[in-house]
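Below is work_7.txt, holding compact mmCIF, C-alpha atoms.
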# COMPACT_ATOMS: atom_id res chain seq x y z
CA LYS A 1 -13.64 -35.59 -17.90
CA ASN A 2 -10.03 -35.89 -16.72
CA GLN A 3 -7.83 -37.36 -19.43
CA VAL A 4 -4.14 -37.98 -20.03
CA GLU A 5 -2.94 -38.58 -23.59
CA GLN A 6 0.54 -39.84 -24.39
CA SER A 7 2.49 -39.95 -27.61
CA PRO A 8 3.92 -41.74 -29.35
CA GLN A 9 2.24 -45.02 -28.46
CA SER A 10 5.49 -46.84 -29.17
CA LEU A 11 9.03 -45.90 -30.07
CA ILE A 12 12.12 -47.78 -31.22
CA ILE A 13 15.54 -46.15 -30.98
CA LEU A 14 19.16 -47.20 -31.14
CA GLU A 15 21.25 -47.44 -28.01
CA GLY A 16 22.97 -44.15 -27.23
CA LYS A 17 20.36 -41.99 -28.93
CA ASN A 18 18.10 -39.45 -27.21
CA CYS A 19 14.33 -39.46 -27.28
CA THR A 20 11.40 -37.40 -26.02
CA LEU A 21 8.03 -38.67 -24.88
CA GLN A 22 4.97 -36.43 -24.74
CA CYS A 23 2.04 -36.13 -22.35
CA ASN A 24 -1.01 -33.87 -22.69
CA TYR A 25 -3.59 -33.67 -19.94
CA THR A 26 -6.95 -32.12 -19.21
CA VAL A 27 -7.02 -32.79 -15.47
CA SER A 28 -8.42 -29.91 -13.46
CA PRO A 29 -7.67 -28.70 -10.88
CA PHE A 30 -4.02 -29.71 -11.19
CA SER A 31 -1.99 -31.00 -8.24
CA ASN A 32 1.03 -32.80 -9.66
CA LEU A 33 2.31 -34.83 -12.59
CA ARG A 34 4.49 -37.90 -12.39
CA TRP A 35 6.34 -39.99 -14.89
CA TYR A 36 6.59 -43.69 -14.10
CA LYS A 37 8.73 -46.38 -15.69
CA GLN A 38 7.22 -49.84 -15.94
CA ASP A 39 9.52 -52.70 -16.88
CA THR A 40 7.89 -55.76 -18.42
CA GLY A 41 6.30 -57.89 -15.72
CA ARG A 42 6.89 -55.35 -13.00
CA GLY A 43 4.93 -52.60 -11.30
CA PRO A 44 5.46 -48.93 -12.25
CA VAL A 45 8.26 -47.01 -10.52
CA SER A 46 8.16 -43.24 -10.06
CA LEU A 47 10.84 -41.30 -11.98
CA THR A 48 9.87 -37.68 -11.33
CA ILE A 49 7.13 -35.60 -9.76
CA MET A 50 6.34 -32.06 -10.82
CA THR A 51 4.04 -29.47 -9.32
CA PHE A 52 2.48 -26.39 -10.87
CA SER A 53 5.47 -24.14 -10.22
CA GLU A 54 8.13 -26.52 -11.54
CA ASN A 55 9.21 -26.36 -15.18
CA THR A 56 12.03 -28.87 -15.28
CA LYS A 57 13.18 -31.73 -13.12
CA SER A 58 15.96 -34.21 -13.74
CA ASN A 59 16.67 -37.68 -12.47
CA GLY A 60 19.93 -38.90 -13.95
CA ARG A 61 19.49 -39.28 -17.70
CA TYR A 62 15.76 -38.52 -17.39
CA THR A 63 14.56 -34.91 -17.65
CA ALA A 64 10.91 -34.01 -17.31
CA THR A 65 9.40 -30.68 -18.32
CA LEU A 66 6.04 -29.21 -17.49
CA ASP A 67 4.10 -26.37 -19.12
CA ALA A 68 1.10 -25.85 -16.86
CA ASP A 69 -0.36 -23.22 -19.20
CA THR A 70 -0.61 -25.57 -22.18
CA LYS A 71 -1.05 -28.63 -19.93
CA GLN A 72 1.81 -30.48 -21.56
CA SER A 73 4.71 -32.45 -20.18
CA SER A 74 7.62 -34.22 -21.79
CA LEU A 75 10.14 -36.81 -20.66
CA HIS A 76 13.53 -36.62 -22.32
CA ILE A 77 15.89 -39.58 -22.12
CA THR A 78 19.53 -38.85 -22.87
CA ALA A 79 22.06 -41.38 -24.15
CA SER A 80 19.61 -44.26 -24.05
CA GLN A 81 20.60 -47.64 -22.67
CA LEU A 82 19.17 -51.09 -23.26
CA SER A 83 17.75 -51.00 -19.73
CA ASP A 84 15.61 -48.02 -20.70
CA SER A 85 13.38 -50.38 -22.68
CA ALA A 86 10.09 -50.16 -20.81
CA SER A 87 6.70 -48.49 -20.77
CA TYR A 88 6.67 -44.87 -19.60
CA ILE A 89 3.46 -43.73 -18.00
CA CYS A 90 2.35 -40.15 -17.38
CA VAL A 91 0.13 -39.78 -14.30
CA VAL A 92 -1.68 -36.62 -13.26
CA LYS A 93 -3.28 -35.92 -9.89
CA GLY A 94 -5.97 -33.30 -9.60
CA GLY A 95 -8.25 -32.45 -6.72
CA SER A 96 -8.90 -36.09 -5.94
CA TYR A 97 -6.59 -38.68 -4.41
CA ILE A 98 -7.33 -40.86 -7.45
CA PRO A 99 -4.78 -40.17 -10.19
CA THR A 100 -5.46 -40.24 -13.92
CA PHE A 101 -3.12 -42.50 -15.89
CA GLY A 102 -2.05 -42.26 -19.51
CA ARG A 103 -1.82 -45.44 -21.56
CA GLY A 104 1.93 -45.19 -21.70
CA THR A 105 4.61 -45.08 -24.36
CA SER A 106 6.37 -48.34 -25.07
CA LEU A 107 10.07 -47.70 -25.65
CA ILE A 108 12.40 -50.25 -27.17
CA VAL A 109 16.13 -49.55 -27.23
CA HIS A 110 18.04 -51.66 -29.75
CA PRO A 111 21.79 -52.33 -29.52
CA GLY B 1 12.50 -52.65 4.16
CA ALA B 2 10.56 -54.75 1.72
CA GLY B 3 8.44 -53.18 -0.99
CA VAL B 4 4.85 -53.95 -1.86
CA SER B 5 4.31 -57.64 -2.44
CA GLN B 6 1.46 -59.36 -4.21
CA SER B 7 0.39 -62.96 -4.50
CA PRO B 8 -0.05 -65.01 -6.48
CA SER B 9 2.13 -63.63 -9.25
CA ASN B 10 0.10 -65.53 -11.83
CA LYS B 11 -3.36 -67.06 -11.65
CA VAL B 12 -5.17 -69.11 -14.26
CA THR B 13 -8.78 -69.92 -13.51
CA GLU B 14 -11.88 -71.15 -15.23
CA LYS B 15 -14.79 -68.91 -16.04
CA GLY B 16 -17.24 -68.83 -13.17
CA LYS B 17 -14.71 -69.53 -10.43
CA ASP B 18 -13.90 -67.12 -7.61
CA VAL B 19 -10.36 -65.77 -7.13
CA GLU B 20 -8.61 -63.95 -4.30
CA LEU B 21 -5.66 -61.66 -4.87
CA ARG B 22 -3.49 -60.53 -2.00
CA CYS B 23 -1.49 -57.36 -1.39
CA ASP B 24 1.02 -56.70 1.39
CA PRO B 25 1.73 -52.95 1.46
CA ILE B 26 4.85 -51.26 2.77
CA SER B 27 4.78 -51.14 6.56
CA GLY B 28 3.45 -47.82 7.81
CA HIS B 29 1.71 -46.89 4.59
CA THR B 30 -1.86 -45.91 5.39
CA ALA B 31 -3.09 -45.56 1.81
CA LEU B 32 -3.64 -48.58 -0.43
CA TYR B 33 -4.89 -48.67 -4.02
CA TRP B 34 -5.98 -51.48 -6.33
CA TYR B 35 -5.73 -50.98 -10.09
CA ARG B 36 -6.42 -53.11 -13.13
CA GLN B 37 -4.18 -52.97 -16.21
CA SER B 38 -5.53 -54.53 -19.37
CA LEU B 39 -3.38 -55.07 -22.44
CA GLY B 40 -2.77 -51.77 -24.22
CA GLN B 41 -4.79 -49.83 -21.67
CA GLY B 42 -3.89 -47.41 -18.93
CA LEU B 43 -4.23 -48.30 -15.30
CA GLU B 44 -7.85 -48.39 -14.21
CA PHE B 45 -8.60 -47.40 -10.61
CA LEU B 46 -10.60 -49.97 -8.67
CA ILE B 47 -10.62 -49.14 -4.96
CA TYR B 48 -8.82 -46.96 -2.41
CA PHE B 49 -8.28 -47.51 1.31
CA GLN B 50 -7.04 -44.76 3.64
CA GLY B 51 -6.49 -45.59 7.27
CA ASN B 52 -9.70 -46.42 9.08
CA SER B 53 -11.90 -44.45 6.69
CA ALA B 54 -14.54 -46.10 4.56
CA PRO B 55 -12.93 -47.25 1.30
CA ASP B 56 -13.64 -45.52 -2.00
CA LYS B 57 -15.14 -48.31 -4.11
CA SER B 58 -16.18 -46.08 -6.99
CA GLY B 59 -13.89 -47.83 -9.47
CA LEU B 60 -15.12 -51.37 -8.98
CA PRO B 61 -16.60 -52.46 -12.34
CA SER B 62 -19.33 -54.69 -10.94
CA ASP B 63 -20.66 -56.21 -7.74
CA ARG B 64 -18.60 -59.31 -8.50
CA PHE B 65 -15.59 -57.33 -7.30
CA SER B 66 -14.93 -56.65 -3.64
CA ALA B 67 -11.95 -55.83 -1.47
CA GLU B 68 -11.12 -55.59 2.15
CA ARG B 69 -8.19 -54.46 4.21
CA THR B 70 -7.66 -56.12 7.54
CA GLY B 71 -6.01 -54.27 10.40
CA GLY B 72 -5.00 -51.45 8.10
CA SER B 73 -2.38 -53.60 6.43
CA VAL B 74 -2.94 -56.60 4.14
CA SER B 75 -5.62 -56.26 1.49
CA THR B 76 -7.51 -58.89 -0.47
CA LEU B 77 -9.27 -58.28 -3.78
CA THR B 78 -11.93 -60.89 -4.51
CA ILE B 79 -13.50 -61.49 -7.90
CA GLN B 80 -16.54 -63.75 -7.85
CA ARG B 81 -17.84 -65.73 -10.82
CA THR B 82 -14.92 -64.64 -12.99
CA GLN B 83 -15.49 -63.73 -16.62
CA GLN B 84 -13.01 -63.75 -19.49
CA GLU B 85 -13.01 -59.95 -19.58
CA ASP B 86 -11.61 -59.99 -16.03
CA SER B 87 -8.30 -61.20 -17.48
CA ALA B 88 -5.75 -58.49 -16.74
CA VAL B 89 -2.88 -57.55 -14.46
CA TYR B 90 -4.09 -56.43 -11.04
CA LEU B 91 -1.71 -53.97 -9.41
CA CYS B 92 -1.64 -52.87 -5.81
CA ALA B 93 0.06 -49.69 -4.62
CA SER B 94 0.60 -48.16 -1.20
CA SER B 95 1.68 -44.75 -0.01
CA LEU B 96 1.87 -42.51 3.00
CA ALA B 97 -1.13 -40.23 3.43
CA GLY B 98 -1.19 -37.03 1.41
CA MET B 99 -1.78 -35.91 -2.18
CA ARG B 100 1.92 -35.59 -3.01
CA GLU B 101 3.02 -38.90 -1.64
CA THR B 102 4.58 -41.37 -4.04
CA GLN B 103 2.66 -44.56 -4.74
CA TYR B 104 4.82 -47.68 -4.57
CA PHE B 105 3.54 -50.47 -6.75
CA GLY B 106 3.72 -54.19 -6.29
CA PRO B 107 4.69 -56.49 -9.20
CA GLY B 108 1.06 -57.33 -9.92
CA THR B 109 -0.98 -60.50 -10.28
CA ARG B 110 -1.54 -61.69 -13.83
CA LEU B 111 -5.01 -63.18 -14.01
CA LEU B 112 -6.12 -65.29 -16.94
CA VAL B 113 -9.71 -66.49 -17.07
CA LEU B 114 -10.25 -69.34 -19.50

Translate this structure into structure tokens?
Amino acid sequence: KNQVEQSPQSLIILEGKNCTLQCNYTVSPFSNLRWYKQDTGRGPVSLTIMTFSENTKSNGRYTATLDADTKQSSLHITASQLSDSASYICVVKGGSYIPTFGRGTSLIVHP
Amino acid sequence: GAGVSQSPSNKVTEKGKDVELRCDPISGHTALYWYRQSLGQGLEFLIYFQGNSAPDKSGLPSDRFSAERTGGSVSTLTIQRTQQEDSAVYLCASSLAGMRETQYFGPGTRLLVL
């Protein structure tokens, strides 16, 4: 069964600090992996997409990594801002057009 | 242009009533997805439309749920005889065709069944 597990479930950090969110998946075959940001009361917004051959991809202060051998991905947020407070969702697409979603990591950035 | 829009943004209904949720996808997007997001849970796939092909309804939890997409654009998700466990956020997403295409999500409809 295709699964996506994220950790931690929730995280609280101080403004300006860095943090790393983890995603482990068992989706097979693998097509691509996305990280989404979901602000409270809004729909998810795509941050990055990674395919099998990509190890690292950045989008501003967000850097995603992918290890296709161990089926792990991480999302690193640098110099966090209050606006980074949101849920971060790891989504993996396999051989089907239906993606598998993780439950998300809830990040709170305190001033 | 405009993103994906959904209406209503919030809906409170009584158990046993029918509800209709609407999704307006981005113009030109042939793929449309409905998902359900319950508190503390990941997004749950409900149904997928792609162009004029028959929809993939494999995610619909019961025969009380149905959806249609008229003219390849607007979609309506209907829940008949609502139950309290139907309370959730219902998200719609659209994309261009293709496995790598980004899904663009609407803001969701928050459904509360009393």

So that I can see what lies close to Pro55 of chain B, please list as an NGL selection string the residues with an atom at most 12 Å from it, counting only C-alpha atoms and leaving out residues fewer than 2 positions away in the same chain. :B and (30-34 or 46-53 or 57-60 or 66-69 or 72 or 75)

Please, could you write that set of residues out with C-alpha atoms as a compact mmCIF listing (two decimals), in the frame of the given file?
# COMPACT_ATOMS: atom_id res chain seq x y z
CA THR B 30 -1.86 -45.91 5.39
CA ALA B 31 -3.09 -45.56 1.81
CA LEU B 32 -3.64 -48.58 -0.43
CA TYR B 33 -4.89 -48.67 -4.02
CA TRP B 34 -5.98 -51.48 -6.33
CA LEU B 46 -10.60 -49.97 -8.67
CA ILE B 47 -10.62 -49.14 -4.96
CA TYR B 48 -8.82 -46.96 -2.41
CA PHE B 49 -8.28 -47.51 1.31
CA GLN B 50 -7.04 -44.76 3.64
CA GLY B 51 -6.49 -45.59 7.27
CA ASN B 52 -9.70 -46.42 9.08
CA SER B 53 -11.90 -44.45 6.69
CA LYS B 57 -15.14 -48.31 -4.11
CA SER B 58 -16.18 -46.08 -6.99
CA GLY B 59 -13.89 -47.83 -9.47
CA LEU B 60 -15.12 -51.37 -8.98
CA SER B 66 -14.93 -56.65 -3.64
CA ALA B 67 -11.95 -55.83 -1.47
CA GLU B 68 -11.12 -55.59 2.15
CA ARG B 69 -8.19 -54.46 4.21
CA GLY B 72 -5.00 -51.45 8.10
CA SER B 75 -5.62 -56.26 1.49

Could you give me the axis-aligned bounding box of segment 12-31 of chain A, with 3 Å of padding per side, as centre plus edge lengths in Å to one decimal, as AutoDock Vina command-line options?
--center_x 7.3 --center_y -38.2 --center_z -19.7 --size_x 37.4 --size_y 25.1 --size_z 29.0

For chain A against chain B, which residues fall within 10 Å using all atoms listed in the file, given as a PyMOL selection string? chain A and resi 4+9+31-34+38-46+48-51+89-91+93-106

Choose the residue, out of A:Asp69, A:Tyr36, A:Pro8, A:Glu15, that has the smallest atom-to-atom separation from Ser83 of chain A; count all atoms listed in the file. A:Glu15

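As for atom CA of Glu5 of chain A and atom CA of Ala86 of chain A, they are spaced 17.7 Å apart.
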
So that I can check the surroundings of segment 75-82 of chain A, please list as an NGL selection string every protein, DNA and RNA residue that reaches within 8 Å of it, counting all atoms listed in the file and ignoring chain neighbours fewer than 2 positions away. :A and (14-22 or 35 or 61-65 or 73 or 84-85 or 108-111)

Would you list the contacts of Lys15 of chain B as a ChimeraX atom specification, taking every protein, DNA or RNA residue within 7 Å and counting all atoms listed in the file, but skipping same-chain residues closer than 5 positions in sequence? /B:81-84,113-114

Calculated over only C-alpha atoms, which of the candidates A:Ala68, A:Leu47, A:Val27, A:Leu107 has the smallest distance to Val92 of chain A?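 Of A:Ala68, A:Leu47, A:Val27, A:Leu107, the one nearest Val92 of chain A is A:Val27, counting only C-alpha atoms.
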
Atom-to-atom span, atom CA of Asn2 of chain A and atom CA of Ala88 of chain B, Å: 23.0 Å

Atom CA of Lys71 of chain A to atom CA of Ser28 of chain A, distance in Å rounded to a single decimal: 9.9 Å
